[in-house]
Number of protein chains: 2
Amino acid sequence: MTAGRRTGLHAVAERAGVSVSLVSRILSGDDAVRARPETRERVRAAARELGYQPHGAARALRLARAGALGLVVHDMSNPIHAEIIRGAQAAATDRGQVLLLSDATQLAGNDDAFAQLLGPGRIDGLMWQGSGEEYDDELAARAAGRLPTLLVNSRSRAGVPALRLDDERAARLAVRHLVELGHRDVAYLGGRPGADLTERRRAGYAAELAAHDLAERPQWTVELEWDAPAGYAGMTRLLAAEPRPTAVFVANVVVAVGALAAAREAGVRVPADLSVVAVHDAWFVAHGAPPLTTVRLPLHRLGDMAVSMLLDGDQARAADGLVIDDPAPELLVRGSTAARP
Amino acid sequence: MTAGRRTGLHAVAERAGVSVSLVSRILSGDDAVRARPETRERVRAAARELGYQPHGAARALRLARAGALGLVVHDMSNPIHAEIIRGAQAAATDRGQVLLLSDATQLAGNDDAFAQLLGPGRIDGLMWQGSGEEYDDELAARAAGRLPTLLVNSRSRAGVPALRLDDERAARLAVRHLVELGHRDVAYLGGRPGADLTERRRAGYAAELAAHDLAERPQWTVELEWDAPAGYAGMTRLLAAEPRPTAVFVANVVVAVGALAAAREAGVRVPADLSVVAVHDAWFVAHGAPPLTTVRLPLHRLGDMAVSMLLDGDQARAADGLVIDDPAPELLVRGSTAARP
DNA sequence: TCCTCGTGCGCAAACGTTTTACCAAGCTGG
DNA sequence: CCAGCTTGGTAAAACGTTTGCGCACGAGGA
């Protein structure tokens, strides 16, 4: 018997002197299988000695389940996105799945890459980090036609279920903090208009102002883009407003980095002359000048929940958009907010 | 003939009225296959109409090639790491591969996750972002025993080939900038001692000082950790040194963020009283107070090259550690460096 | 007329699993 | 003494590809 140099289960079976099917069932802990304890032990020993590892592709093929989830993000160097990835990564690993990372802008221009990622046998579900871009919704909808798909950090769009954070509450928390410091002239510095993120935070801002009988003014509302240069430009515009606000609510921490730079360059002291608070926290703004007051949202949990729901086939629960609010939004008061001058 | 509701190639074959094998050959562009143009067209049309996509797992199984690469990183919220990921991602997509992301600290504690990622049929090669931690080398070496493996941003350790940047040159560039501004008392603020990253940047610092006949002083050398709090602590210590340096070379931009905060809190003005320059660039330090002078290194290229080498089976070229220096290190002069007071 | 050869395609095995179906041997009860 | 049940397994098909080999058919040459 010139033992075949086969690999995998076959090799284990040969060494243990049993059939391949028995090995499979024993190693996978199939309770229904009848085998003598002695045989079981022999099989397990053989597997151990040969260092048997199941073949991922073979399992995926046979089980019609890839054991992997896809995650499409926009910009990895955005700390917000990084935090979502971390959450998803941790949850996927915990549940014995692997995570397949892709980039939305690359996918947008590359049909082959899209097919490669979403074709059969690659992933069992997809998380798409929504950005409110047009192509984004279209691609996510296409994906949803093939696979369980979840938009992450977006409201439900084009019929794709979605997970989001309590942006309105976060905004209200931030604005309330400003009002409690005595500010009455609170401006809004948002991101790209049209995205629902913007709408929700803007709504929270407006609601909280209204709750205190404070006025929104058109010249105190600036919405440009979700990046630091836009924050710079936006703050520059707000500082030129007549009358000048005494506080600014910034809808995103990345935007706030640019905004603080603009204030600094304009010679406006934060927080002495102007208070600034932003939604989302990032490690580096805690070390800035001044350290930025922010509202922390459970981004990690967002990724975590997305993975769980996809794996549990539970994504329909988010059909109308599900709000993740378990670790509630938390105000982190640092050095960029102070009592009204 | 009750056409089976089969999927994949089978369905295409049925619709085109040919065999599965012929479809496979035609669609994969096999030149050696002989088929009438008319048949070819019929097959292609059927594939198009059915929206045929090859089954990833089935191909992986048959071809004994997963079509995926693994990337293990340490901390996604570190902008340096994010940039490497981006580079690897882009290159992988370009070459029709997918990228499987994992986290080193998770893998360290979880043998199942390690096996899941590295078991047969999952990935064809692995990039491991080195950090100089002990467990890191051990795990990377274990991986290298199973798969083509490349350490990224590390020198070759435990026999595992590695790609790294020209850290020494970057350090020299930064220090030379300080010297050219007239500084003679230049301190070194590094990261966790022992890691080869630290050694290489420290060597560059020392070499450049020596080239200008400047002295290193023990009290001007601080090495703690690769994070912002360590930067804070380190700078605090340097500011207490006797005599106090007039410039600090910081081995990493993340550390520099903490260092700047410490200087600020101590009432030391940067750059008027103290110049600071750091290795690696990150978008947010350009907006800080002051904007940080940095040396940009081709991190993106690092990820890019790692993917290429693995896919080309070329990783042996890096057996002794290969230095990526194509876009050369570039000094970005901003506001944290000035002439000696 | 027979042989050969090129053309155009089909058969079947294999990749490593999982799972359904089945079977031989031993035991038990009547 | 045998029907039927339990025990301890085995055989084979299937998942969707790829690929080596073979085969039928018609044309052309001897």
# chains A, B, ... in the order shown; residues from 1 in each chain; ligands from 1

$ interface_residues --of "chain A" --to "chain D" --cutoff "8 Å" --atoms "only C-alpha atoms (C1' of nucleotides)" --output "MDAnalysis selection string"
chainID A and resid 19 22 34:36 61:64

$ interface_residues --of "chain A" --to "chain B" --cutoff "6 Å" --atoms "only C-alpha atoms" --output "PyMOL selection string"
chain A and resi 53+55-58+60-61+76-77+79+82+99-101+119-122+261+287

$ interface_residues --of "chain C" --to "chain A" --cutoff "7 Å" --atoms "only C-alpha atoms (C1' of nucleotides)" --output "JSON, numbers by chain"
{"C": [16, 17, 18]}

$ write_last_selection --atoms "N, CA and C atoms (P, O5', C5', C4', C3', O3' and C1' of nucleotides)" --output "PDB file, in the first residue's frame"
ATOM      1  P    DG C  16      -6.310  18.372  -2.409  1.00  0.00           P
ATOM      2  O5'  DG C  16      -7.516  18.604  -1.393  1.00  0.00           O
ATOM      3  C5'  DG C  16      -7.679  19.889  -0.828  1.00  0.00           C
ATOM      4  C4'  DG C  16      -8.977  19.934  -0.077  1.00  0.00           C
ATOM      5  C3'  DG C  16      -9.092  18.903   1.049  1.00  0.00           C
ATOM      6  O3'  DG C  16      -9.542  19.594   2.191  1.00  0.00           O
ATOM      7  C1'  DG C  16     -10.966  18.764  -0.381  1.00  0.00           C
ATOM      8  P    DT C  17      -9.661  18.949   3.640  1.00  0.00           P
ATOM      9  O5'  DT C  17     -11.100  19.440   4.076  1.00  0.00           O
ATOM     10  C5'  DT C  17     -12.173  18.675   3.773  1.00  0.00           C
ATOM     11  C4'  DT C  17     -13.373  19.493   3.444  1.00  0.00           C
ATOM     12  C3'  DT C  17     -14.576  19.029   4.221  1.00  0.00           C
ATOM     13  O3'  DT C  17     -14.982  20.056   5.119  1.00  0.00           O
ATOM     14  C1'  DT C  17     -14.954  18.898   1.843  1.00  0.00           C
ATOM     15  P    DT C  18     -15.869  19.555   6.368  1.00  0.00           P
ATOM     16  O5'  DT C  18     -17.256  19.163   5.673  1.00  0.00           O
ATOM     17  C5'  DT C  18     -18.091  20.188   5.183  1.00  0.00           C
ATOM     18  C4'  DT C  18     -19.346  19.582   4.588  1.00  0.00           C
ATOM     19  C3'  DT C  18     -20.246  18.858   5.595  1.00  0.00           C
ATOM     20  O3'  DT C  18     -21.561  19.295   5.310  1.00  0.00           O
ATOM     21  C1'  DT C  18     -19.763  17.437   3.773  1.00  0.00           C
TER      22       DT C  18
END

$ select_by_dssp --residues "stretch 29-247 of chain A" --states "strand (DSSP E or B)" --output "ChimeraX atom specification"
/A:68-73,98-103,125-129,149-152,157,160,162-165,186-190,221-223,247

$ select_by_dssp --residues "stretch 62-225 of chain B" --states "alpha helix (DSSP H)" --output "ChimeraX atom specification"
/B:62-63,79-94,104-109,111-118,134-144,167-180,196-211

$ atom_distance --atom1 "atom CA of A:Pro218" --atom2 "atom CA of A:Met235"
14.4 Å

$ atom_distance --atom1 "atom CA of A:Arg200" --atom2 "atom CA of A:Ile324"
14.2 Å
